[in-house]
>>> print(open('query30.cif').read())   # mmCIF, C-alpha atoms and all ligand atoms
data_final
#
loop_
_atom_site.label_atom_id
_atom_site.label_comp_id
_atom_site.auth_asym_id
_atom_site.auth_seq_id
_atom_site.Cartn_x
_atom_site.Cartn_y
_atom_site.Cartn_z
CA MET A 1 126.70 111.70 91.84
CA SER A 2 125.26 110.74 88.48
CA THR A 3 126.95 107.84 86.67
CA LEU A 4 127.03 110.01 83.56
CA THR A 5 129.63 112.28 85.11
CA SER A 6 131.33 109.74 87.34
CA PRO A 7 135.13 109.99 87.18
CA LEU A 8 135.31 106.26 87.93
CA ILE A 9 133.32 104.88 84.99
CA ALA A 10 134.70 105.29 81.47
CA PRO A 11 132.15 107.00 79.20
CA VAL A 12 130.56 105.14 76.31
CA ALA A 13 132.30 106.00 73.01
CA PRO A 14 130.25 108.05 70.51
CA ILE A 15 128.21 106.00 68.06
CA SER A 16 129.52 105.85 64.48
CA ASP A 17 127.23 106.12 61.42
CA ARG A 18 127.79 102.46 60.72
CA GLU A 19 126.88 101.42 64.27
CA PHE A 20 123.76 103.59 64.18
CA ARG A 21 122.72 101.98 60.87
CA ASP A 22 123.20 98.48 62.34
CA PHE A 23 120.89 99.28 65.27
CA GLN A 24 118.44 101.06 62.98
CA GLU A 25 118.16 97.94 60.80
CA LEU A 26 117.94 95.55 63.74
CA ILE A 27 115.17 97.56 65.41
CA TYR A 28 113.23 97.90 62.15
CA ARG A 29 113.56 94.17 61.43
CA GLU A 30 112.48 93.11 64.92
CA ALA A 31 109.86 95.70 65.90
CA GLY A 32 108.91 97.50 62.68
CA ILE A 33 109.99 100.74 64.37
CA HIS A 34 111.72 103.18 62.07
CA LEU A 35 114.33 105.32 63.83
CA SER A 36 115.17 108.28 61.63
CA ALA A 37 118.61 109.94 61.78
CA ILE A 38 117.26 112.59 64.16
CA LYS A 39 116.64 109.82 66.73
CA LYS A 40 120.37 109.15 67.02
CA ALA A 41 120.74 111.04 70.30
CA LEU A 42 117.69 109.27 71.73
CA LEU A 43 119.04 105.85 70.75
CA THR A 44 122.53 106.46 72.09
CA GLY A 45 121.25 107.92 75.36
CA ARG A 46 119.00 104.96 76.02
CA LEU A 47 121.46 102.28 74.96
CA ALA A 48 124.38 103.86 76.81
CA LYS A 49 122.55 103.26 80.09
CA ARG A 50 122.29 99.54 79.37
CA MET A 51 125.89 99.40 78.11
CA ARG A 52 127.15 100.93 81.35
CA GLU A 53 125.30 98.21 83.27
CA LEU A 54 127.11 95.66 81.12
CA GLN A 55 130.39 97.61 81.38
CA MET A 56 130.62 97.96 77.62
CA LYS A 57 132.09 101.05 76.00
CA ARG A 58 131.59 100.47 72.27
CA PHE A 59 128.26 100.26 70.48
CA GLN A 60 129.61 97.60 68.14
CA ASP A 61 130.32 95.36 71.15
CA TYR A 62 126.77 95.81 72.39
CA TYR A 63 125.40 95.09 68.91
CA ALA A 64 127.46 91.86 68.75
CA PHE A 65 126.22 90.94 72.24
CA VAL A 66 122.54 91.45 71.37
CA THR A 67 122.70 89.59 68.07
CA ALA A 68 124.66 86.67 69.56
CA ASP A 69 122.18 86.15 72.39
CA ARG A 70 120.13 83.18 71.21
CA SER A 71 117.67 83.39 74.09
CA GLY A 72 116.42 86.72 72.70
CA ASP A 73 116.41 88.17 76.25
CA GLU A 74 118.83 90.97 75.42
CA LEU A 75 116.78 91.91 72.38
CA VAL A 76 113.75 92.31 74.67
CA ILE A 77 115.85 94.57 76.92
CA LEU A 78 117.04 96.59 73.91
CA LEU A 79 113.49 97.04 72.59
CA ASP A 80 112.28 97.92 76.10
CA ALA A 81 114.90 100.65 76.19
CA ILE A 82 113.99 102.27 72.90
CA THR A 83 110.18 102.26 73.03
CA THR A 84 108.26 105.40 73.91
CA ASN A 85 105.58 104.63 76.47
CA GLU A 86 103.75 107.92 76.96
CA THR A 87 100.09 107.27 77.80
CA HIS A 88 97.30 108.41 80.11
CA PHE A 89 93.83 107.41 81.27
CA PHE A 90 90.94 108.13 78.87
CA ARG A 91 93.37 109.43 76.26
CA GLU A 92 91.61 110.97 73.26
CA PRO A 93 88.37 111.43 75.21
CA ARG A 94 86.30 111.95 72.06
CA GLN A 95 86.80 108.29 71.20
CA PHE A 96 85.47 107.31 74.62
CA ASP A 97 82.52 109.67 74.05
CA TYR A 98 81.89 107.93 70.70
CA LEU A 99 81.88 104.56 72.47
CA GLU A 100 79.38 105.78 75.07
CA GLN A 101 77.12 107.67 72.70
CA VAL A 102 77.14 105.52 69.56
CA VAL A 103 78.80 102.13 69.96
CA TYR A 104 77.50 100.98 73.36
CA PRO A 105 73.84 101.72 72.49
CA GLU A 106 74.30 99.73 69.23
CA TRP A 107 75.77 96.75 71.08
CA GLN A 108 73.00 96.95 73.67
CA ARG A 109 70.23 97.12 71.07
CA ALA A 110 71.75 94.23 69.12
CA ALA A 111 71.84 92.08 72.27
CA GLU A 112 68.26 92.97 73.17
CA SER A 113 67.05 91.98 69.71
CA GLY A 114 69.03 88.73 69.85
CA GLN A 115 71.42 89.77 67.06
CA ARG A 116 74.49 89.42 69.22
CA GLN A 117 75.60 87.61 72.35
CA ARG A 118 76.14 89.50 75.59
CA ARG A 119 79.86 89.06 75.24
CA LEU A 120 82.46 91.67 74.34
CA ARG A 121 86.02 90.95 73.29
CA ILE A 122 88.39 93.90 72.99
CA TRP A 123 92.14 94.17 72.32
CA SER A 124 94.37 97.00 73.49
CA ALA A 125 97.28 96.22 71.20
CA ALA A 126 100.01 98.57 72.48
CA CYS A 127 98.82 99.08 76.02
CA SER A 128 101.97 100.58 77.56
CA THR A 129 101.63 100.88 81.36
CA GLY A 130 97.95 99.94 81.28
CA GLU A 131 96.07 103.24 81.35
CA GLU A 132 94.30 102.41 78.06
CA PRO A 133 93.01 98.89 78.90
CA TYR A 134 92.04 99.90 82.46
CA SER A 135 90.14 102.90 81.02
CA LEU A 136 88.35 100.49 78.70
CA SER A 137 87.64 98.10 81.53
CA MET A 138 86.06 100.86 83.65
CA SER A 139 84.07 102.24 80.74
CA LEU A 140 82.82 98.82 79.60
CA LEU A 141 81.99 97.41 83.03
CA SER A 142 79.97 100.48 83.95
CA ASN A 143 77.84 100.01 80.81
CA PHE A 144 77.76 96.21 80.43
CA ALA A 145 77.17 94.85 83.90
CA PRO A 146 77.91 91.18 84.58
CA GLU A 147 74.64 91.16 86.62
CA GLN A 148 72.82 91.80 83.35
CA GLY A 149 74.47 88.80 81.76
CA TRP A 150 77.35 90.59 80.00
CA SER A 151 80.88 89.25 79.95
CA VAL A 152 83.79 91.46 78.96
CA ASP A 153 87.27 90.25 77.97
CA ILE A 154 90.11 92.66 77.28
CA LEU A 155 93.46 91.53 75.96
CA ALA A 156 96.19 94.04 76.84
CA SER A 157 99.48 93.56 75.02
CA ASP A 158 102.69 95.40 74.30
CA LEU A 159 106.14 94.74 72.92
CA SER A 160 107.82 95.94 76.09
CA THR A 161 107.90 93.55 79.04
CA LYS A 162 108.86 96.41 81.35
CA VAL A 163 105.64 98.35 80.73
CA LEU A 164 103.56 95.16 80.77
CA ASP A 165 104.81 94.38 84.29
CA ARG A 166 103.67 97.83 85.38
CA ALA A 167 100.31 97.37 83.65
CA ARG A 168 99.83 94.04 85.39
CA ALA A 169 100.60 95.61 88.76
CA GLY A 170 97.90 98.25 88.13
CA VAL A 171 99.38 100.81 90.51
CA TRP A 172 99.88 104.46 89.54
CA PRO A 173 100.67 107.75 91.26
CA LEU A 174 97.41 109.37 92.35
CA LYS A 175 98.05 112.38 90.11
CA ARG A 176 97.49 110.11 87.07
CA ALA A 177 93.82 109.93 88.13
CA ASP A 178 93.04 113.44 86.83
CA ASN A 179 91.57 112.20 83.54
CA ILE A 180 89.42 109.46 85.06
CA PRO A 181 85.75 110.49 85.34
CA ARG A 182 85.01 110.93 89.06
CA HIS A 183 82.25 108.32 89.24
CA LEU A 184 84.51 105.66 87.69
CA LEU A 185 87.47 106.59 89.87
CA LYS A 186 85.34 106.23 92.98
CA ARG A 187 83.84 102.96 91.86
CA TYR A 188 86.87 101.10 90.48
CA MET A 189 90.12 102.49 91.94
CA LEU A 190 91.48 102.04 95.44
CA GLN A 191 93.36 104.87 97.09
CA GLY A 192 96.60 103.91 98.85
CA SER A 193 97.33 104.74 102.48
CA GLY A 194 100.37 104.29 104.73
CA LEU A 195 103.27 103.14 102.58
CA GLN A 196 101.02 103.39 99.51
CA GLU A 197 100.12 107.03 100.23
CA GLY A 198 99.89 109.07 97.04
CA LYS A 199 99.15 106.00 94.91
CA MET A 200 96.06 104.36 93.50
CA LYS A 201 95.48 100.74 92.64
CA ALA A 202 93.02 99.10 90.26
CA GLY A 203 90.35 97.30 92.26
CA PRO A 204 89.54 93.60 91.72
CA GLU A 205 86.42 94.20 89.62
CA VAL A 206 88.24 96.24 86.99
CA ARG A 207 91.12 93.78 86.80
CA LEU A 208 88.90 90.80 86.17
CA PRO A 209 88.31 91.30 82.39
CA LEU A 210 92.02 91.93 81.70
CA GLU A 211 94.57 89.51 80.38
CA PHE A 212 98.15 90.65 79.67
CA GLN A 213 100.50 89.24 77.07
CA ARG A 214 103.64 90.31 75.21
CA ILE A 215 102.77 90.60 71.52
CA ASN A 216 105.03 92.15 68.90
CA LEU A 217 102.86 93.82 66.25
CA ASN A 218 105.65 93.29 63.77
CA GLU A 219 105.21 89.48 63.88
CA ASP A 220 103.60 87.83 60.84
CA SER A 221 100.65 86.61 62.88
CA TYR A 222 99.24 87.30 66.31
CA PRO A 223 98.23 84.70 68.92
CA VAL A 224 94.75 86.23 69.18
CA ARG A 225 91.37 84.70 68.38
CA GLY A 226 89.46 86.58 65.69
CA GLY A 227 85.96 88.03 65.83
CA LEU A 228 86.99 90.95 68.05
CA ASP A 229 84.45 93.70 68.73
CA ALA A 230 87.09 96.42 68.89
CA ILE A 231 90.83 96.81 68.59
CA PHE A 232 92.66 99.78 70.06
CA CYS A 233 96.00 100.28 68.37
CA ARG A 234 96.68 103.88 69.29
CA ASN A 235 99.82 105.95 69.15
CA VAL A 236 102.12 103.14 68.13
CA LEU A 237 101.88 103.08 64.33
CA ILE A 238 103.45 106.56 64.23
CA TYR A 239 106.77 104.80 64.91
CA PHE A 240 106.31 102.49 61.91
CA ASP A 241 107.01 103.31 58.28
CA THR A 242 104.20 103.07 55.71
CA GLU A 243 105.07 99.51 54.72
CA SER A 244 105.04 97.98 58.19
CA ARG A 245 102.06 100.12 59.18
CA THR A 246 100.04 98.74 56.25
CA ARG A 247 100.97 95.17 57.16
CA VAL A 248 99.95 95.65 60.80
CA ILE A 249 96.63 97.25 59.84
CA ASN A 250 95.74 94.36 57.54
CA ARG A 251 96.54 91.79 60.20
CA LEU A 252 94.41 93.69 62.71
CA LEU A 253 91.49 93.96 60.28
CA ASP A 254 91.62 90.17 59.78
CA LEU A 255 90.91 89.80 63.50
CA LEU A 256 87.86 92.07 63.65
CA SER A 257 84.31 90.73 63.66
CA PRO A 258 82.32 91.89 60.58
CA ASP A 259 80.94 94.81 62.60
CA GLY A 260 84.07 95.36 64.72
CA LEU A 261 85.83 98.69 65.13
CA LEU A 262 89.44 99.78 64.87
CA PHE A 263 90.60 102.72 66.99
CA LEU A 264 93.85 104.46 66.06
CA GLY A 265 95.63 107.52 67.45
CA HIS A 266 94.70 110.89 65.98
CA ALA A 267 97.99 111.23 64.12
CA GLU A 268 97.49 107.82 62.46
CA SER A 269 94.88 108.38 59.78
CA LEU A 270 94.33 105.57 57.27
CA THR A 271 93.21 107.91 54.51
CA GLY A 272 94.66 106.62 51.25
CA LEU A 273 96.43 103.78 53.06
CA ASN A 274 93.82 101.06 53.23
CA ASP A 275 90.72 100.52 51.09
CA ARG A 276 89.30 97.75 53.31
CA VAL A 277 88.02 100.32 55.81
CA ARG A 278 85.84 103.37 56.10
CA ALA A 279 86.01 106.05 58.77
CA LEU A 280 83.11 106.40 61.22
CA ALA A 281 84.65 109.24 63.23
CA PRO A 282 88.18 110.68 63.53
CA ALA A 283 90.60 107.72 63.81
CA ILE A 284 87.73 105.21 64.26
CA TYR A 285 87.32 102.73 61.42
CA CYS A 286 85.12 99.79 60.48
CA LEU A 287 85.32 97.31 57.61
CA ARG A 288 84.03 98.88 54.38
CA ASP A 289 81.05 96.49 54.11
CA ARG A 290 80.12 96.59 57.79
CA PRO A 291 76.43 95.80 58.19
CA THR A 292 74.36 98.81 59.24
CA PRO A 293 73.64 98.46 62.96
CA GLY A 294 70.06 97.41 63.57
CA ALA A 295 69.60 95.88 60.09
CA THR A 296 68.46 92.25 60.17
CA ARG A 297 71.23 89.88 59.22
C1 LIG A 301 103.03 105.84 73.04
S1 LIG A 301 102.61 104.26 73.69
C2 LIG A 301 100.87 104.23 73.37
C3 LIG A 301 100.09 103.65 74.52
C4 LIG A 301 98.55 103.68 74.35
N1 LIG A 301 98.13 102.88 73.24
C5 LIG A 301 98.04 105.10 74.20
O1 LIG A 301 97.60 105.47 73.13
O2 LIG A 301 98.09 105.85 75.17
C6 LIG A 301 103.25 103.19 72.43
C7 LIG A 301 103.43 101.75 72.90
O3 LIG A 301 103.67 100.94 71.74
C8 LIG A 301 104.55 99.89 72.12
N2 LIG A 301 105.17 99.30 70.90
C9 LIG A 301 106.15 99.83 70.12
N3 LIG A 301 106.45 98.98 69.12
C10 LIG A 301 105.63 97.91 69.27
C11 LIG A 301 105.47 96.68 68.55
N4 LIG A 301 106.22 96.38 67.49
N5 LIG A 301 104.54 95.80 69.00
C12 LIG A 301 103.77 96.08 70.09
N6 LIG A 301 103.90 97.22 70.80
C13 LIG A 301 104.81 98.11 70.41
C14 LIG A 301 105.54 100.60 73.04
O4 LIG A 301 106.22 99.69 73.88
C15 LIG A 301 104.64 101.57 73.81
O5 LIG A 301 104.23 101.02 75.04
#
>>> encode(input="query30.cif", output="structure tokens")
Amino acid sequence: MSTLTSPLIAPVAPISDREFRDFQELIYREAGIHLSAIKKALLTGRLAKRMRELQMKRFQDYYAFVTADRSGDELVILLDAITTNETHFFREPRQFDYLEQVVYPEWQRAAESGQRQRRLRIWSAACSTGEEPYSLSMSLLSNFAPEQGWSVDILASDLSTKVLDRARAGVWPLKRADNIPRHLLKRYMLQGSGLQEGKMKAGPEVRLPLEFQRINLNEDSYPVRGGLDAIFCRNVLIYFDTESRTRVINRLLDLLSPDGLLFLGHAESLTGLNDRVRALAPAIYCLRDRPTPGATR
């Protein structure tokens, strides 16, 4: 029997406007995520689950509990509960095509002519359960082989510790493999058998470039070394309002190398929002004065 309808557990009381506002403000302050009034049902549904675990019936009690917890652990749990983690492998395939057709040849030519080192540093800044950084790892490794002197480092971060744990584990149901190009699937993923039947696991080669860390994009600064070749910050800024979105974008741009690239989700255009960038392709940006690839610096 579902706990929601259990006759033994008292239901959580409905959320008042005041209680909703308190959570709205707390979540905006901590994560930059703006929950509009239409998200009330979503918020209450997700928090009620946690409140039942804690045997709490009133939202104001849970709010007091979260804000009194000095360790910050309950805040992490609250933010874990309200984030939307939808993702898949090779999401927005046209951006991966752009990498293969335009960006990779530029990086390769620059290395051959001694204009850049054979080292790539990439950040997947809201990586959810890992499909994005593992897609990048497969795509990059198959084009920039360590045997040819390339080294690839990918930082994969998210606000939610729950999704980061899953990303670190690198295990998914086999049906998630549908969007992975066959040759990459064969080369980099391991198919489960026995107890792992129906699952796939990232192989050791594709894990090697990845480092996972919890990073809140709403913080004033990020613990990331600058000079990045590309930052993927896709399908997260839609949850931010214009003000926090602008702040995040500026902090990300500060971390790009002069010819680095910023990849956003397709619903996250920067048109009219930031004059430090210019668009190279849909939702792919570079710094306005990016040197033309191939030009001598
Ligand atoms: C819809 S998923 C996008 C995943 C992936 N980038 C993609 O495009 O498929 C959004 C992710 O953003 C994360 N997120 C939300 N607010 C965040 C914040 N303030 N800092 C870092 N990550 C955040 C969520 O936990 C969630 O995993």
>>> residues_near_ligand(input="query30.cif", ligand="ligand LIG 301 (chain A)", cutoff="6 Å", atoms="all atoms listed in the file", output="ChimeraX atom specification")
/A:31-32,83-88,126-128,132,158-160,215-218,233-236
>>> residues_near_point(input="query30.cif", point="(126.1, 98.6, 65.7)", cutoff="6 Å", atoms="only C-alpha atoms", output="list in words")
Glu19, Phe20, Asp22, Phe23, Phe59, Gln60 and Tyr63 of chain A
>>> write_last_selection(input="query30.cif", atoms="C-alpha atoms", output="PDB file, keeping the file's coordinate frame")
ATOM      1  CA  GLU A  19     126.880 101.420  64.270  1.00  0.00           C
ATOM      2  CA  PHE A  20     123.760 103.590  64.180  1.00  0.00           C
ATOM      3  CA  ASP A  22     123.200  98.480  62.340  1.00  0.00           C
ATOM      4  CA  PHE A  23     120.890  99.280  65.270  1.00  0.00           C
ATOM      5  CA  PHE A  59     128.260 100.260  70.480  1.00  0.00           C
ATOM      6  CA  GLN A  60     129.610  97.600  68.140  1.00  0.00           C
ATOM      7  CA  TYR A  63     125.400  95.090  68.910  1.00  0.00           C
TER       8      TYR A  63
END
>>> closest_residue(input="query30.cif", among="A:Leu140, A:Ala81, A:Ala156, A:Cys286", to="Leu99 in chain A", atoms="all atoms listed in the file")
A:Leu140
>>> residues_around(input="query30.cif", residues="Pro258 in chain A", least_positions_apart="6", cutoff="9 Å", atoms="all atoms listed in the file", output="list in words")
Gly227, Leu228, Asp229, Cys286, Leu287, Asp289, Arg290 and Pro291 of chain A
>>> closest_residue(input="query30.cif", among="A:Ala110, A:Leu210, A:Ile180, A:Leu195", to="Val152 in chain A", atoms="only C-alpha atoms")
A:Leu210
>>> decode(input="query30.cif", residues="range 205-293 of chain A", atoms="C-alpha atoms", output="tab-separated table (two decimals), in the first residue's frame")
chain	number	residue	atom	x	y	z
A	205	GLU	CA	38.79	4.36	-20.23
A	206	VAL	CA	35.81	6.69	-20.37
A	207	ARG	CA	35.83	7.25	-16.62
A	208	LEU	CA	39.45	8.28	-16.51
A	209	PRO	CA	39.06	11.94	-17.64
A	210	LEU	CA	36.14	12.56	-15.24
A	211	GLU	CA	36.23	14.24	-11.88
A	212	PHE	CA	33.00	14.81	-9.91
A	213	GLN	CA	32.31	17.59	-7.46
A	214	ARG	CA	29.29	19.31	-5.89
A	215	ILE	CA	29.25	22.92	-7.10
A	216	ASN	CA	26.36	25.31	-6.59
A	217	LEU	CA	26.19	27.67	-9.56
A	218	ASN	CA	24.55	30.23	-7.31
A	219	GLU	CA	27.75	30.65	-5.24
A	220	ASP	CA	29.73	33.89	-5.73
A	221	SER	CA	32.75	32.02	-7.05
A	222	TYR	CA	33.47	28.51	-8.24
A	223	PRO	CA	36.38	26.28	-7.13
A	224	VAL	CA	37.45	25.78	-10.75
A	225	ARG	CA	40.69	26.77	-12.47
A	226	GLY	CA	40.19	29.15	-15.39
A	227	GLY	CA	41.33	28.78	-18.98
A	228	LEU	CA	38.67	26.17	-19.81
A	229	ASP	CA	38.27	25.10	-23.43
A	230	ALA	CA	34.53	24.57	-23.10
A	231	ILE	CA	31.81	24.85	-20.49
A	232	PHE	CA	28.53	22.98	-20.81
A	233	CYS	CA	25.84	24.61	-18.71
A	234	ARG	CA	22.75	23.20	-20.37
A	235	ASN	CA	19.16	23.07	-19.27
A	236	VAL	CA	19.74	24.49	-15.82
A	237	LEU	CA	19.53	28.26	-16.34
A	238	ILE	CA	15.87	27.88	-17.33
A	239	TYR	CA	15.17	27.48	-13.60
A	240	PHE	CA	16.91	30.77	-12.78
A	241	ASP	CA	15.46	34.26	-13.10
A	242	THR	CA	17.17	36.81	-15.37
A	243	GLU	CA	19.23	38.31	-12.55
A	244	SER	CA	20.78	35.09	-11.27
A	245	ARG	CA	21.15	33.78	-14.82
A	246	THR	CA	23.18	36.86	-15.79
A	247	ARG	CA	25.41	36.47	-12.74
A	248	VAL	CA	26.07	32.79	-13.48
A	249	ILE	CA	26.87	33.49	-17.13
A	250	ASN	CA	29.40	36.17	-16.22
A	251	ARG	CA	31.13	33.91	-13.73
A	252	LEU	CA	31.30	31.13	-16.33
A	253	LEU	CA	32.70	33.48	-18.99
A	254	ASP	CA	35.46	34.51	-16.55
A	255	LEU	CA	36.58	30.87	-16.51
A	256	LEU	CA	36.81	30.38	-20.27
A	257	SER	CA	40.10	30.54	-22.16
A	258	PRO	CA	40.16	33.41	-24.72
A	259	ASP	CA	39.02	30.98	-27.42
A	260	GLY	CA	36.82	28.83	-25.16
A	261	LEU	CA	33.20	27.97	-25.86
A	262	LEU	CA	30.04	28.09	-23.79
A	263	PHE	CA	27.27	25.60	-24.55
A	264	LEU	CA	23.78	26.29	-23.22
A	265	GLY	CA	20.45	24.50	-23.65
A	266	HIS	CA	18.32	25.47	-26.63
A	267	ALA	CA	15.77	27.29	-24.49
A	268	GLU	CA	18.52	29.41	-22.89
A	269	SER	CA	19.48	31.96	-25.50
A	270	LEU	CA	21.71	34.84	-24.40
A	271	THR	CA	20.35	37.23	-27.00
A	272	GLY	CA	20.07	40.65	-25.38
A	273	LEU	CA	21.30	39.28	-22.06
A	274	ASN	CA	25.06	39.47	-22.34
A	275	ASP	CA	27.23	41.65	-24.59
A	276	ARG	CA	30.48	39.82	-23.73
A	277	VAL	CA	29.60	36.98	-26.09
A	278	ARG	CA	28.68	36.25	-29.67
A	279	ALA	CA	26.80	33.22	-30.97
A	280	LEU	CA	28.64	30.73	-33.19
A	281	ALA	CA	25.70	28.35	-33.60
A	282	PRO	CA	22.38	27.88	-31.76
A	283	ALA	CA	23.12	28.03	-28.00
A	284	ILE	CA	26.92	27.92	-28.59
A	285	TYR	CA	28.78	31.08	-27.61
A	286	CYS	CA	32.32	32.41	-27.55
A	287	LEU	CA	33.79	35.60	-26.11
A	288	ARG	CA	33.09	38.56	-28.40
A	289	ASP	CA	36.78	39.15	-29.22
A	290	ARG	CA	37.67	35.48	-29.64
A	291	PRO	CA	40.67	35.17	-31.95
A	292	THR	CA	39.80	33.69	-35.34
A	293	PRO	CA	40.92	30.05	-35.32
